[in-house]
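Novice: You'll find input.cif just under this line, and it carries mmCIF, C-alpha atoms.
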data_entry
#
loop_
_atom_site.label_atom_id
_atom_site.label_comp_id
_atom_site.auth_asym_id
_atom_site.auth_seq_id
_atom_site.Cartn_x
_atom_site.Cartn_y
_atom_site.Cartn_z
CA MET A 1 28.27 -1.59 -9.13
CA VAL A 2 24.87 -0.45 -10.41
CA THR A 3 23.58 2.60 -12.20
CA ALA A 4 21.25 4.69 -10.07
CA ALA A 5 19.03 7.58 -11.10
CA VAL A 6 18.28 10.18 -8.45
CA MET A 7 15.28 12.21 -9.56
CA GLY A 8 15.53 15.51 -7.75
CA ALA A 9 18.62 17.70 -7.28
CA GLY A 10 17.57 19.39 -4.06
CA SER A 11 19.58 19.08 -0.87
CA TRP A 12 18.47 15.55 0.10
CA GLY A 13 18.57 14.16 -3.43
CA THR A 14 22.07 15.55 -3.92
CA ALA A 15 23.24 14.28 -0.53
CA PHE A 16 21.94 10.79 -1.27
CA SER A 17 23.73 10.91 -4.62
CA ILE A 18 26.94 11.28 -2.63
CA VAL A 19 26.01 8.22 -0.54
CA LEU A 20 25.42 6.11 -3.65
CA ALA A 21 28.61 7.34 -5.31
CA ASP A 22 30.62 6.61 -2.15
CA ALA A 23 29.15 3.10 -2.22
CA GLY A 24 30.70 2.65 -5.67
CA HIS A 25 27.84 3.30 -8.05
CA ASP A 26 27.38 5.52 -11.09
CA VAL A 27 24.76 8.17 -10.34
CA HIS A 28 22.60 10.09 -12.80
CA LEU A 29 21.12 13.09 -11.00
CA TRP A 30 18.09 14.77 -12.57
CA GLY A 31 17.36 18.39 -11.86
CA ARG A 32 14.99 20.96 -13.32
CA ARG A 33 17.43 23.87 -13.57
CA GLU A 34 20.14 24.05 -16.23
CA GLU A 35 22.39 26.14 -14.00
CA THR A 36 22.24 23.65 -11.13
CA CYS A 37 23.12 20.73 -13.42
CA ALA A 38 25.92 22.68 -15.09
CA ASN A 39 27.50 23.50 -11.73
CA ILE A 40 27.33 19.86 -10.67
CA ASN A 41 28.97 18.66 -13.90
CA GLU A 42 31.58 21.40 -14.24
CA ARG A 43 32.37 22.35 -10.64
CA HIS A 44 31.22 19.15 -8.87
CA GLU A 45 29.15 21.28 -6.53
CA ASN A 46 25.46 21.97 -6.04
CA THR A 47 25.94 25.65 -5.36
CA GLU A 48 22.24 26.26 -4.78
CA TYR A 49 21.49 23.63 -2.14
CA LEU A 50 24.82 22.36 -0.79
CA PRO A 51 27.36 25.11 -1.44
CA GLY A 52 30.97 24.40 -0.59
CA LEU A 53 30.62 20.60 -0.64
CA GLU A 54 32.43 18.70 -3.37
CA LEU A 55 30.49 15.97 -5.18
CA PRO A 56 32.12 12.78 -6.47
CA GLU A 57 32.97 12.73 -10.16
CA THR A 58 30.69 9.70 -10.60
CA VAL A 59 27.68 11.96 -9.99
CA ARG A 60 26.55 13.44 -13.31
CA ALA A 61 23.56 15.77 -13.62
CA THR A 62 21.07 16.34 -16.40
CA THR A 63 17.78 18.14 -16.99
CA ASP A 64 16.64 15.34 -19.32
CA PRO A 65 14.65 12.62 -17.48
CA ALA A 66 15.30 10.07 -20.24
CA THR A 67 19.05 10.54 -19.92
CA ALA A 68 18.89 10.30 -16.12
CA LEU A 69 16.80 7.12 -16.18
CA ALA A 70 18.69 5.33 -18.96
CA GLY A 71 20.04 2.00 -17.68
CA ALA A 72 19.08 2.71 -14.06
CA SER A 73 18.22 -0.35 -11.99
CA ILE A 74 17.60 1.84 -8.93
CA VAL A 75 15.44 4.95 -9.25
CA VAL A 76 15.54 7.25 -6.24
CA LEU A 77 12.63 9.68 -6.02
CA ALA A 78 13.58 12.90 -4.26
CA VAL A 79 11.11 15.50 -5.51
CA PRO A 80 8.79 17.48 -3.19
CA SER A 81 6.03 15.11 -2.10
CA GLN A 82 3.15 17.17 -3.49
CA THR A 83 4.79 17.19 -6.95
CA LEU A 84 5.39 13.44 -7.15
CA ARG A 85 2.22 12.67 -9.09
CA ALA A 86 2.88 15.32 -11.74
CA ASN A 87 6.49 14.20 -12.11
CA LEU A 88 5.60 10.54 -12.51
CA GLU A 89 2.91 11.44 -15.02
CA SER A 90 5.61 13.25 -16.98
CA TRP A 91 8.45 10.73 -16.95
CA GLY A 92 7.32 7.65 -15.01
CA HIS A 93 6.93 5.67 -18.26
CA LEU A 94 10.71 6.00 -18.77
CA ILE A 95 11.50 3.95 -15.65
CA ASP A 96 12.69 0.43 -16.44
CA PRO A 97 9.92 -2.10 -15.59
CA SER A 98 12.35 -4.07 -13.43
CA ALA A 99 13.88 -1.12 -11.58
CA VAL A 100 13.43 -0.74 -7.83
CA MET A 101 12.03 2.67 -6.89
CA VAL A 102 13.19 4.25 -3.65
CA SER A 103 11.27 7.09 -2.04
CA LEU A 104 13.17 9.72 -0.08
CA MET A 105 9.99 11.80 0.23
CA LYS A 106 8.10 12.47 3.44
CA GLY A 107 4.50 13.43 2.92
CA VAL A 108 0.89 12.40 2.41
CA GLU A 109 -0.68 13.55 -0.84
CA LEU A 110 -3.27 16.29 -0.57
CA GLY A 111 -6.73 15.21 -1.65
CA SER A 112 -6.05 11.50 -2.08
CA HIS A 113 -4.48 10.98 1.39
CA LEU A 114 -2.07 8.52 -0.21
CA ARG A 115 1.39 7.86 1.15
CA MET A 116 4.23 8.34 -1.32
CA SER A 117 4.69 4.60 -1.89
CA GLU A 118 1.00 4.37 -2.73
CA VAL A 119 1.28 7.20 -5.26
CA ILE A 120 4.25 5.41 -6.84
CA ALA A 121 2.30 2.14 -7.04
CA GLU A 122 -0.74 3.85 -8.56
CA LEU A 123 1.22 5.74 -11.22
CA THR A 124 3.69 3.01 -12.20
CA GLY A 125 1.77 -0.20 -11.53
CA ALA A 126 4.72 -1.52 -9.53
CA GLY A 127 4.20 -4.14 -6.85
CA PRO A 128 5.38 -3.71 -3.25
CA GLU A 129 8.58 -5.66 -4.00
CA ARG A 130 9.70 -2.82 -6.30
CA ILE A 131 8.95 0.08 -3.96
CA ALA A 132 11.14 1.00 -1.01
CA VAL A 133 11.48 3.90 1.42
CA ILE A 134 14.61 5.38 2.96
CA THR A 135 13.98 7.42 6.07
CA GLY A 136 15.43 8.34 9.43
CA PRO A 137 17.50 11.14 10.96
CA ASN A 138 18.91 12.27 7.61
CA LEU A 139 19.73 15.98 7.67
CA ALA A 140 21.04 16.48 4.16
CA LYS A 141 24.02 18.72 4.89
CA GLU A 142 25.39 16.36 7.53
CA ILE A 143 24.99 13.37 5.21
CA ALA A 144 26.70 15.27 2.39
CA LYS A 145 29.59 16.12 4.73
CA ARG A 146 29.88 12.39 5.45
CA GLU A 147 29.20 12.76 9.14
CA PRO A 148 28.29 9.37 10.69
CA ALA A 149 24.57 8.61 10.37
CA ALA A 150 22.16 5.70 10.41
CA SER A 151 18.98 5.28 8.44
CA VAL A 152 16.23 2.80 7.57
CA VAL A 153 15.59 1.01 4.29
CA ALA A 154 11.99 -0.19 4.32
CA CYS A 155 10.44 -2.56 1.79
CA ALA A 156 7.69 -5.15 2.07
CA ASP A 157 10.11 -7.61 0.46
CA ALA A 158 12.89 -8.30 2.97
CA SER A 159 15.31 -9.47 0.29
CA VAL A 160 14.95 -6.20 -1.62
CA ALA A 161 15.52 -4.21 1.57
CA LEU A 162 18.70 -6.21 2.21
CA GLN A 163 19.94 -5.60 -1.32
CA LEU A 164 19.32 -1.88 -1.06
CA GLN A 165 21.04 -1.87 2.32
CA LYS A 166 24.20 -3.16 0.62
CA TYR A 167 23.89 -0.65 -2.20
CA CYS A 168 23.92 2.38 0.08
CA HIS A 169 26.15 1.23 2.94
CA THR A 170 29.26 3.39 3.25
CA PRO A 171 31.82 4.07 6.01
CA ALA A 172 29.67 7.04 7.09
CA PHE A 173 26.15 5.85 6.26
CA ARG A 174 24.70 2.81 8.05
CA PRO A 175 21.28 1.62 6.82
CA TYR A 176 19.08 -0.82 8.75
CA THR A 177 16.25 -2.80 7.18
CA ASN A 178 12.55 -2.82 8.00
CA GLN A 179 9.46 -4.26 6.32
CA ASP A 180 7.03 -1.78 7.89
CA VAL A 181 6.64 0.66 5.01
CA VAL A 182 3.43 2.13 6.46
CA GLY A 183 5.01 2.97 9.81
CA CYS A 184 8.20 4.35 8.29
CA GLU A 185 6.31 6.64 5.92
CA LEU A 186 3.91 7.92 8.58
CA ALA A 187 6.73 8.58 11.02
CA GLY A 188 8.68 10.51 8.41
CA THR A 189 5.66 12.58 7.48
CA VAL A 190 4.29 13.47 10.91
CA LYS A 191 7.69 14.37 12.35
CA ASN A 192 7.81 17.36 10.01
CA ILE A 193 4.57 18.67 11.52
CA ILE A 194 5.83 18.12 15.06
CA GLY A 195 9.04 19.87 14.03
CA LEU A 196 6.99 22.91 13.02
CA ALA A 197 5.30 22.93 16.43
CA VAL A 198 8.64 22.70 18.24
CA GLY A 199 9.97 25.51 16.10
CA VAL A 200 7.00 27.64 17.18
CA CYS A 201 7.99 27.00 20.80
CA ASP A 202 11.52 28.20 20.01
CA GLY A 203 10.12 31.27 18.28
CA LEU A 204 8.11 32.07 21.40
CA ASP A 205 11.27 31.59 23.53
CA PHE A 206 9.78 28.71 25.51
CA GLY A 207 12.20 26.34 27.17
CA ASP A 208 13.09 22.67 27.02
CA ASN A 209 10.17 21.45 29.15
CA THR A 210 7.72 22.82 26.60
CA LYS A 211 9.58 21.38 23.64
CA ALA A 212 10.07 17.99 25.29
CA SER A 213 6.34 17.86 25.97
CA VAL A 214 5.50 18.60 22.33
CA ILE A 215 8.02 16.06 21.05
CA THR A 216 6.78 13.30 23.35
CA ARG A 217 3.11 13.95 22.72
CA GLY A 218 3.84 14.22 19.02
CA LEU A 219 5.39 10.78 19.04
CA ALA A 220 2.30 9.44 20.81
CA GLU A 221 0.04 10.99 18.14
CA THR A 222 2.15 9.45 15.37
CA ALA A 223 2.00 6.02 16.97
CA ARG A 224 -1.78 6.22 17.39
CA LEU A 225 -2.24 6.93 13.70
CA GLY A 226 0.24 4.23 12.79
CA LEU A 227 -1.53 1.60 14.85
CA ALA A 228 -4.86 2.55 13.29
CA MET A 229 -3.30 2.03 9.85
CA GLY A 230 -1.66 -1.30 10.63
CA ALA A 231 1.90 -0.20 11.35
CA ASP A 232 4.28 -1.97 13.73
CA PRO A 233 4.39 0.06 16.98
CA MET A 234 8.11 -0.70 17.37
CA THR A 235 8.84 1.32 14.23
CA PHE A 236 8.06 4.52 16.12
CA MET A 237 10.66 3.70 18.77
CA GLY A 238 13.47 3.34 16.23
CA LEU A 239 15.41 5.44 13.75
CA ALA A 240 12.43 6.04 11.47
CA GLY A 241 10.32 7.25 14.39
CA LEU A 242 12.07 8.67 17.44
CA GLY A 243 15.41 9.11 15.67
CA ASP A 244 14.01 11.22 12.85
CA LEU A 245 11.78 13.16 15.23
CA VAL A 246 14.70 14.13 17.49
CA ALA A 247 16.83 15.30 14.56
CA THR A 248 14.01 17.33 13.03
CA CYS A 249 12.95 18.96 16.28
CA SER A 250 16.42 19.80 17.58
CA SER A 251 18.56 20.83 14.63
CA PRO A 252 18.87 24.32 13.11
CA LEU A 253 19.42 22.47 9.82
CA SER A 254 15.81 21.24 9.94
CA ARG A 255 13.72 23.24 7.48
CA ASN A 256 10.50 22.46 9.35
CA ARG A 257 11.82 23.46 12.78
CA THR A 258 13.28 26.65 11.30
CA PHE A 259 10.02 27.42 9.49
CA GLY A 260 8.10 26.94 12.74
CA GLU A 261 10.50 29.20 14.62
CA LYS A 262 9.82 32.00 12.13
CA LEU A 263 6.09 31.43 12.53
CA GLY A 264 6.55 31.70 16.28
CA ARG A 265 8.29 35.03 15.81
CA GLY A 266 5.28 36.40 13.97
CA MET A 267 6.07 35.89 10.30
CA SER A 268 3.38 34.59 7.96
CA VAL A 269 3.60 31.44 5.87
CA GLU A 270 3.78 33.59 2.73
CA GLU A 271 6.61 35.76 4.12
CA ILE A 272 8.69 32.75 5.12
CA THR A 273 8.08 30.94 1.84
CA SER A 274 9.20 33.96 -0.17
CA GLN A 275 12.55 33.97 1.67
CA THR A 276 13.57 30.43 0.79
CA ARG A 277 13.29 28.10 -2.18
CA GLN A 278 13.48 24.99 -0.01
CA VAL A 279 10.31 23.16 0.97
CA ALA A 280 9.12 22.69 4.55
CA GLU A 281 6.99 19.61 3.89
CA GLY A 282 5.06 19.91 7.15
CA VAL A 283 3.32 23.08 5.97
CA LYS A 284 1.26 21.08 3.47
CA SER A 285 1.37 17.69 5.15
CA CYS A 286 -0.44 19.06 8.22
CA VAL A 287 -3.57 19.35 6.08
CA SER A 288 -3.45 15.84 4.58
CA VAL A 289 -2.39 14.18 7.85
CA ALA A 290 -5.16 15.92 9.80
CA GLU A 291 -7.69 14.65 7.27
CA LEU A 292 -6.15 11.16 7.31
CA ALA A 293 -6.41 11.08 11.10
CA ARG A 294 -10.07 12.02 10.97
CA LEU A 295 -10.75 9.30 8.41
CA HIS A 296 -9.26 6.76 10.84
CA GLY A 297 -10.89 8.25 13.94
CA VAL A 298 -7.56 9.18 15.52
CA ASP A 299 -7.12 12.22 17.77
CA MET A 300 -4.04 14.27 16.73
CA PRO A 301 -4.31 17.64 18.51
CA ILE A 302 -0.80 18.87 17.69
CA VAL A 303 -1.35 18.18 14.00
CA GLU A 304 -4.72 19.93 14.14
CA HIS A 305 -3.23 22.95 15.89
CA VAL A 306 -0.39 23.26 13.39
CA ARG A 307 -2.94 23.10 10.59
CA ALA A 308 -4.90 25.94 12.23
CA LEU A 309 -1.71 27.98 12.59
CA VAL A 310 -0.77 27.47 8.95
CA ASP A 311 -4.21 28.44 7.66
CA GLY A 312 -4.25 31.55 9.86
CA THR A 313 -7.05 30.64 12.27
CA MET A 314 -4.75 30.35 15.28
CA THR A 315 -1.81 32.40 16.54
CA PRO A 316 1.49 30.81 17.70
CA ALA A 317 0.73 31.63 21.33
CA GLU A 318 -2.74 30.12 21.05
CA LEU A 319 -1.28 26.94 19.57
CA VAL A 320 0.79 26.25 22.67
CA GLU A 321 -1.71 27.58 25.22
CA THR A 322 -4.66 25.58 23.89
CA LEU A 323 -2.61 22.40 23.68
CA ILE A 324 -1.58 22.71 27.32
CA SER A 325 -5.07 23.66 28.52
CA ARG A 326 -6.81 20.75 26.74
CA SER A 327 -8.78 18.34 28.90
CA ALA A 328 -6.58 15.54 30.19
CA LYS A 329 -9.49 13.08 30.00
CA ALA A 330 -8.13 9.83 28.57
CA GLU A 331 -4.67 10.84 27.35
CA THR A 332 -2.44 8.58 29.39
CA ARG A 333 0.21 7.72 26.86
#
Could you take the file, read its structure, and then write that structure out as structure tokens?

Specialist:
Amino acid sequence: MVTAAVMGAGSWGTAFSIVLADAGHDVHLWGRREETCANINERHENTEYLPGLELPETVRATTDPATALAGASIVVLAVPSQTLRANLESWGHLIDPSAVMVSLMKGVELGSHLRMSEVIAELTGAGPERIAVITGPNLAKEIAKREPAASVVACADASVALQLQKYCHTPAFRPYTNQDVVGCELAGTVKNIIGLAVGVCDGLDFGDNTKASVITRGLAETARLGLAMGADPMTFMGLAGLGDLVATCSSPLSRNRTFGEKLGRGMSVEEITSQTRQVAEGVKSCVSVAELARLHGVDMPIVEHVRALVDGTMTPAELVETLISRSAKAETR
């Protein structure tokens, strides 16, 4: 048994706290809101993000980062990706110098174009053997309900990945290991953008042919960027790539697909955002990923179109129509 700190009491952070508790560990869950933490401690329920689901008694919540991080040998980072830097600047110095940090985040930082593991390394000085990523088809509510699911634990150090695999393996949660951190992070980030595009297709009442085309071409775009950045192409065929993409693009539980559907029905980004407190990471990641692709000379038309839709220079109908009418020149895969 180990002590784990989960920094972020949103839906995914809370769900992963359940996984760690089910695996036999003590979990300190950090959240920003007093009410959320009080409900977790007193009612064993995160009423804001996962209402109706009972949390194990070994999950204890606090708004104090020092209390959450005290004695933690595993630090799970589950804050919104664009807030990671500010959070680490605030309490990163409290993380034990020997602790392994695990990113649940899926994004590329705006401005710097850094992946989340790179932001962690920059802010904490940790080497690659202390930074891991957990990704895959991990819809939080299903994980919290202990429905069977598989995932990927990625770390440059294979022995650390194996250790983390043991720490979060439960009867309902099956992690696999991978050393391709770059590929796993890119796949997890870009799938949110593709999920937005598929949601737009749903909002426009297009059928399965359209959505299958967007999903398949989206996977091809992701793999092109991954190859340009040194990722293993097989990563995109596995749980971190295709698996996560299918879950995000097909499930009504997917925040990005649902956000895209509302865009397709004519709502603005501002209107949708005001209706929900949960973050659709693809809305901001489309900007940083589009810029990252240009830096590496990679053509990512779906990402570019989603970016145009989000910034208001393209309508939902134009997004789909212009993608389909693009020149077929050299796109053979």

Novice: Using only C-alpha atoms, which residue out of A:Val75, A:Met229, A:Val27, A:Met1 lies closest to Asp180 (chain A)?

Specialist: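 Smallest distance to Asp180 (chain A) is found for A:Met229.
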
Novice: Quick check, in Å to one decimal: how far apart do CA of Ser151 (chain A) and CA of Asn138 (chain A) lie?

Specialist: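 Pair CA of Ser151 (chain A) / CA of Asn138 (chain A) returns 7.0 Å.
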
Novice: Would you give me, as a Markdown table, each residue of region 122-213 of chain A having an atom within 8 Å of an atom of region 306-318 of chain A, along with its shortest atom pair and that distance in Å to one decimal, using all atoms listed in the file and sorting by chain and residue number?

Specialist:
| residue | atom | partner | partner_atom | distance |
| --- | --- | --- | --- | --- |
| A:Ile193 | CA | A:Val306 | CA | 7.0 |
| A:Leu196 | CA | A:Val306 | CA | 7.4 |
| A:Ala197 | CA | A:Val306 | CA | 6.5 |
| A:Val200 | CA | A:Pro316 | CA | 6.4 |
| A:Leu204 | CA | A:Ala317 | CA | 7.4 |

Novice: Residues as selected, C-alpha atoms, written as a CSV table (one decimal), in the coordinates of the input, can you do that?

Specialist:
chain,number,residue,atom,x,y,z
A,193,ILE,CA,4.6,18.7,11.5
A,196,LEU,CA,7.0,22.9,13.0
A,197,ALA,CA,5.3,22.9,16.4
A,200,VAL,CA,7.0,27.6,17.2
A,204,LEU,CA,8.1,32.1,21.4

Novice: Which residues, protein or nucleic acid, reach to within 8 Å of (2.9, 16.6, 19.7) in the file's coordinates when using all atoms listed in the file, and can you give that as a list of chain:residue names?

Specialist: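 It turns out the residues near that spot are A:Ile194, A:Ala197, A:Ser213, A:Val214, A:Ile215, A:Thr216, A:Arg217, A:Gly218, A:Leu219, A:Ala220, A:Glu221, A:Met300, A:Pro301, A:Ile302, A:Val303.
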
Novice: I'd like the residues picked by the PyMOL selection byres ((chain A and resi 148) around 12) written out as a PyMOL selection string, using the chain letters and numbers from the file.

Specialist: chain A and resi 19+137-139+141-147+149-151+169-175

Novice: For region 7-33 of chain A, where the input has fewer atoms than it should, I would like N, CA and C atoms rebuilt and written as a short mmCIF file (atom, residue, chain, number, x, y, z; two decimals), in the frame of the given file.

Specialist:
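Written file, selection.cif:
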data_model
loop_
_atom_site.label_atom_id
_atom_site.label_comp_id
_atom_site.auth_asym_id
_atom_site.auth_seq_id
_atom_site.Cartn_x
_atom_site.Cartn_y
_atom_site.Cartn_z
N MET A 7 16.17 11.25 -8.91
CA MET A 7 15.28 12.21 -9.56
C MET A 7 14.93 13.33 -8.58
N GLY A 8 15.71 14.38 -8.65
CA GLY A 8 15.53 15.51 -7.75
C GLY A 8 16.88 15.98 -7.24
N ALA A 9 17.29 17.19 -7.64
CA ALA A 9 18.62 17.70 -7.28
C ALA A 9 18.57 18.72 -6.17
N GLY A 10 17.60 18.56 -5.26
CA GLY A 10 17.57 19.39 -4.06
C GLY A 10 18.62 18.93 -3.08
N SER A 11 18.53 19.40 -1.86
CA SER A 11 19.58 19.08 -0.87
C SER A 11 19.63 17.59 -0.53
N TRP A 12 18.48 16.95 -0.30
CA TRP A 12 18.47 15.55 0.10
C TRP A 12 18.79 14.65 -1.09
N GLY A 13 18.25 14.95 -2.26
CA GLY A 13 18.57 14.16 -3.43
C GLY A 13 20.06 14.21 -3.74
N THR A 14 20.64 15.40 -3.66
CA THR A 14 22.07 15.55 -3.92
C THR A 14 22.90 14.82 -2.87
N ALA A 15 22.50 14.96 -1.60
CA ALA A 15 23.24 14.28 -0.53
C ALA A 15 23.19 12.76 -0.70
N PHE A 16 22.03 12.24 -1.10
CA PHE A 16 21.94 10.79 -1.27
C PHE A 16 22.72 10.34 -2.51
N SER A 17 22.88 11.22 -3.48
CA SER A 17 23.73 10.91 -4.62
C SER A 17 25.17 10.67 -4.16
N ILE A 18 25.60 11.46 -3.18
CA ILE A 18 26.94 11.28 -2.63
C ILE A 18 27.05 9.92 -1.95
N VAL A 19 26.01 9.53 -1.20
CA VAL A 19 26.01 8.22 -0.54
C VAL A 19 26.17 7.10 -1.57
N LEU A 20 25.37 7.16 -2.63
CA LEU A 20 25.42 6.11 -3.65
C LEU A 20 26.76 6.10 -4.37
N ALA A 21 27.31 7.27 -4.65
CA ALA A 21 28.61 7.34 -5.31
C ALA A 21 29.70 6.79 -4.39
N ASP A 22 29.64 7.13 -3.11
CA ASP A 22 30.62 6.61 -2.15
C ASP A 22 30.52 5.09 -2.01
N ALA A 23 29.33 4.56 -2.28
CA ALA A 23 29.15 3.10 -2.22
C ALA A 23 29.62 2.43 -3.51
N GLY A 24 30.09 3.21 -4.47
CA GLY A 24 30.70 2.65 -5.67
C GLY A 24 29.84 2.62 -6.91
N HIS A 25 28.76 3.36 -6.92
CA HIS A 25 27.84 3.30 -8.05
C HIS A 25 27.94 4.55 -8.95
N ASP A 26 27.54 4.38 -10.19
CA ASP A 26 27.38 5.52 -11.09
C ASP A 26 26.02 6.15 -10.82
N VAL A 27 25.99 7.47 -10.72
CA VAL A 27 24.76 8.17 -10.34
C VAL A 27 24.39 9.20 -11.40
N HIS A 28 23.17 9.08 -11.91
CA HIS A 28 22.60 10.09 -12.80
C HIS A 28 21.63 10.93 -11.97
N LEU A 29 21.93 12.20 -11.83
CA LEU A 29 21.12 13.09 -11.00
C LEU A 29 20.30 14.01 -11.90
N TRP A 30 18.98 13.93 -11.76
CA TRP A 30 18.09 14.77 -12.57
C TRP A 30 17.67 16.00 -11.79
N GLY A 31 17.82 17.14 -12.45
CA GLY A 31 17.36 18.39 -11.86
C GLY A 31 16.62 19.22 -12.89
N ARG A 32 15.80 20.14 -12.41
CA ARG A 32 14.99 20.96 -13.32
C ARG A 32 15.75 22.15 -13.88
N ARG A 33 16.77 22.63 -13.17
CA ARG A 33 17.43 23.87 -13.57
C ARG A 33 18.76 23.59 -14.28
#
